[in-house]
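These notes concern the structure reproduced below.
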Amino acid sequence: MPFQLSLDNRVALITGGSRGIGAATVRVFVEAGARVLFTYEKARVQAENLCRELGTERCVAFACNLSGTETAAEAVAATVAKFGRLDVLIANHGIWPPVDVPIDSMSDSQWQKTIDVNLNSVFALVKHSVAQMKKQPKNGSAAGHIVLVSSTSAQRGEQFHCDYAATKGALISMVKGLSTELAPHAIYVNSVAPGWVDTDMSRPALDDPRTSKQIFQAIPLGRVGTPEEIAAPILFLCTSHAGFITGEVFNVNGGAVLVG
């Protein structure tokens, strides 16, 4: 039998799925046989185009402002209402304030917004997804897979972006604790940690001559990643081929985490 990364008959909720890493992940999941509901906030046109591209019977967009803990349950409920169950959660959404801010100048509002979007909403998504996974019949050998998209900065920090690094580091700590907590329930919990990726969120920094020079100098492979290069490891971690992997941080950053 040929080697295949298959998600046949699996149902996935992917947050931040209209653009960048999220859209690439939605594509590979549908191509692997999954049915996917993805969230978006503002990019309605991109979300609708993605659904038409992949087929509305297998791919559904759900408008949702994931800023805090209030709306996560709605996204989980919408997935179950559409497809009958939930097998995979990919927490991909997040914000990266593009302006460098020293810690002594960082406003309380910036800190709180980053925490709300990047951490508090992920807590709520995991909470409601796990509750659903526990109560439904297992779909194959696993009851569920959870992948939290973290960052290189979670492991080596990022100056002038204390808020972002703190939230992404917290996701890794969540993965470590949840993987042991949920292993008896056959729910796998892992993280993928990208470095710099060519997305809308990182475009301002990549287009700036000063910051782009610093970025490229810090990546041993000498380039930034593509969204597809992040989506593929996310897919792998949710297949049977990763059946003995939980609690891990999958670094996908061109070696950048080694030289910070």
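Letters for chains follow the order of the structure tokens (A, B, ...), residue numbers begin at 1 for each chain, and ligand numbers begin at 1 in the order shown.
Every residue of range 97-145 of chain A with a DSSP assignment of strand (DSSP E or B), taken from the backbone, is listed as Asn139, Ala142, Gly144 and His145 of chain A.
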### Task
Identify, on the basis of only C-alpha atoms, every residue whose closest approach to range 27-41 of chain A does not exceed 8 Å; exclude the query and any residue fewer than 3 positions from it along the same chain; express the result as a PyMOL selection string.
chain A and resi 5-18+23-24+44+47+54+58-66+75+79+83+231-232+235
Just the selected residues (C-alpha atoms), exported as a PDB file, in the first residue's frame, please.
```
ATOM      1  CA  LEU A   5      -1.286  11.004   4.811  1.00  0.00           C
ATOM      2  CA  SER A   6      -4.981  10.291   5.063  1.00  0.00           C
ATOM      3  CA  LEU A   7      -7.689  11.904   7.137  1.00  0.00           C
ATOM      4  CA  ASP A   8     -10.601  10.073   5.565  1.00  0.00           C
ATOM      5  CA  ASN A   9     -13.801  10.418   7.591  1.00  0.00           C
ATOM      6  CA  ARG A  10     -12.211  12.875  10.020  1.00  0.00           C
ATOM      7  CA  VAL A  11     -13.759  16.212  10.928  1.00  0.00           C
ATOM      8  CA  ALA A  12     -11.508  19.183  11.675  1.00  0.00           C
ATOM      9  CA  LEU A  13     -11.958  22.669  13.103  1.00  0.00           C
ATOM     10  CA  ILE A  14      -9.192  24.998  11.881  1.00  0.00           C
ATOM     11  CA  THR A  15      -9.059  28.545  13.201  1.00  0.00           C
ATOM     12  CA  GLY A  16      -7.786  31.457  11.159  1.00  0.00           C
ATOM     13  CA  GLY A  17      -8.319  29.458   7.986  1.00  0.00           C
ATOM     14  CA  SER A  18      -8.977  32.092   5.344  1.00  0.00           C
ATOM     15  CA  ALA A  23      -5.693  28.424   4.320  1.00  0.00           C
ATOM     16  CA  ALA A  24      -2.828  26.114   3.378  1.00  0.00           C
ATOM     17  CA  ARG A  44     -14.900  37.077   4.040  1.00  0.00           C
ATOM     18  CA  ALA A  47     -13.005  32.539   2.968  1.00  0.00           C
ATOM     19  CA  LEU A  54     -12.435  23.038  -2.236  1.00  0.00           C
ATOM     20  CA  ARG A  58     -16.382  19.350   2.548  1.00  0.00           C
ATOM     21  CA  CYS A  59     -15.298  22.872   3.472  1.00  0.00           C
ATOM     22  CA  VAL A  60     -17.308  25.430   5.458  1.00  0.00           C
ATOM     23  CA  ALA A  61     -16.350  28.936   6.599  1.00  0.00           C
ATOM     24  CA  PHE A  62     -17.550  30.303   9.936  1.00  0.00           C
ATOM     25  CA  ALA A  63     -17.255  33.983  10.847  1.00  0.00           C
ATOM     26  CA  CYS A  64     -15.987  34.238  14.401  1.00  0.00           C
ATOM     27  CA  ASN A  65     -14.117  36.816  16.466  1.00  0.00           C
ATOM     28  CA  LEU A  66     -11.783  34.707  18.604  1.00  0.00           C
ATOM     29  CA  ALA A  75     -17.152  27.414  16.619  1.00  0.00           C
ATOM     30  CA  THR A  79     -18.570  22.142  13.446  1.00  0.00           C
ATOM     31  CA  PHE A  83     -20.509  17.452  10.242  1.00  0.00           C
ATOM     32  CA  ALA A 231       0.617  22.957   6.811  1.00  0.00           C
ATOM     33  CA  ALA A 232       2.250  19.646   5.901  1.00  0.00           C
ATOM     34  CA  LEU A 235      -1.343  17.375   8.726  1.00  0.00           C
TER      35      LEU A 235
END
```
### Shortest interatomic distance to Asp163 in chain A - which of A:Lys113, A:Arg52, A:Lys82, A:Lys213, counting only C-alpha atoms
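The closest residue to Asp163 in chain A is A:Lys113.
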### Task
Go through A:Leu119, A:Leu221, A:Ile103, A:Leu237 and flag the residue nearest Met174 in chain A, using only C-alpha atoms for the distances.
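Distance minimum relative to Met174 in chain A lands on A:Leu119.
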Which residues come within 12 Å of Ser202 in chain A, counting only C-alpha atoms, excluding same-chain residues fewer than 3 positions away, as a CSV table (one decimal) with N, CA and C atoms, in the first residue's frame?
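Done, and the output landed in around_19.csv:
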```csv
chain,number,residue,atom,x,y,z
A,20,GLY,N,-3.0,32.6,4.5
A,20,GLY,CA,-1.7,32.2,5.1
A,20,GLY,C,-1.7,30.7,5.5
A,21,ILE,N,-1.1,30.5,6.6
A,21,ILE,CA,-0.9,29.1,7.1
A,21,ILE,C,-2.2,28.4,7.3
A,94,GLY,N,-4.1,34.0,15.4
A,94,GLY,CA,-3.3,34.8,16.3
A,94,GLY,C,-2.9,36.1,15.7
A,95,ILE,N,-2.4,37.0,16.6
A,95,ILE,CA,-2.0,38.3,16.1
A,95,ILE,C,-0.5,38.5,16.6
A,96,TRP,N,0.2,39.3,15.7
A,96,TRP,CA,1.5,39.7,16.0
A,96,TRP,C,1.6,41.2,15.8
A,97,PRO,N,1.6,42.0,16.9
A,97,PRO,CA,1.7,43.4,16.7
A,97,PRO,C,3.0,43.8,16.0
A,98,PRO,N,2.9,44.4,14.8
A,98,PRO,CA,4.0,44.6,13.9
A,98,PRO,C,5.0,45.6,14.4
A,99,VAL,N,4.6,46.5,15.3
A,99,VAL,CA,5.5,47.6,15.7
A,99,VAL,C,6.3,47.2,16.9
A,194,PRO,N,6.3,27.5,13.9
A,194,PRO,CA,7.0,28.1,12.7
A,194,PRO,C,7.9,29.2,13.1
A,195,GLY,N,8.8,29.5,12.2
A,195,GLY,CA,9.6,30.8,12.3
A,195,GLY,C,8.9,31.8,11.4
A,196,TRP,N,9.8,32.5,10.7
A,196,TRP,CA,9.2,33.5,9.7
A,196,TRP,C,8.6,32.8,8.5
A,197,VAL,N,7.4,33.1,8.2
A,197,VAL,CA,6.7,32.5,7.1
A,197,VAL,C,6.1,33.7,6.2
A,198,ASP,N,6.1,33.5,4.9
A,198,ASP,CA,5.6,34.5,4.0
A,198,ASP,C,4.1,34.5,4.0
A,199,THR,N,3.6,35.3,5.0
A,199,THR,CA,2.1,35.5,5.1
A,199,THR,C,1.8,37.0,5.2
A,205,ALA,N,7.1,43.3,8.1
A,205,ALA,CA,8.5,43.1,8.5
A,205,ALA,C,9.4,42.6,7.3
A,206,LEU,N,8.8,41.7,6.5
A,206,LEU,CA,9.6,41.2,5.4
A,206,LEU,C,9.9,42.3,4.3
A,207,ASP,N,9.0,43.2,4.2
A,207,ASP,CA,9.1,44.3,3.2
A,207,ASP,C,10.0,45.4,3.7
A,208,ASP,N,10.3,45.5,4.9
A,208,ASP,CA,11.1,46.5,5.5
A,208,ASP,C,12.6,46.2,5.3
A,211,THR,N,14.5,45.4,8.8
A,211,THR,CA,14.1,44.2,9.5
A,211,THR,C,14.3,42.9,8.7
A,212,SER,N,14.1,43.0,7.4
A,212,SER,CA,14.2,41.8,6.5
A,212,SER,C,15.6,41.3,6.5
A,215,ILE,N,16.1,39.4,9.7
A,215,ILE,CA,15.4,38.1,9.6
A,215,ILE,C,16.1,37.1,8.9
A,224,VAL,N,12.6,32.5,4.2
A,224,VAL,CA,11.5,32.3,5.1
A,224,VAL,C,10.7,31.1,4.5
A,225,GLY,N,9.8,30.6,5.3
A,225,GLY,CA,9.0,29.4,4.9
A,225,GLY,C,7.8,29.8,4.1
A,226,THR,N,7.2,28.8,3.6
A,226,THR,CA,5.9,29.0,2.9
A,226,THR,C,4.8,28.5,3.7
A,227,PRO,N,3.6,29.0,3.6
A,227,PRO,CA,2.5,28.4,4.4
A,227,PRO,C,2.3,26.9,4.2
```
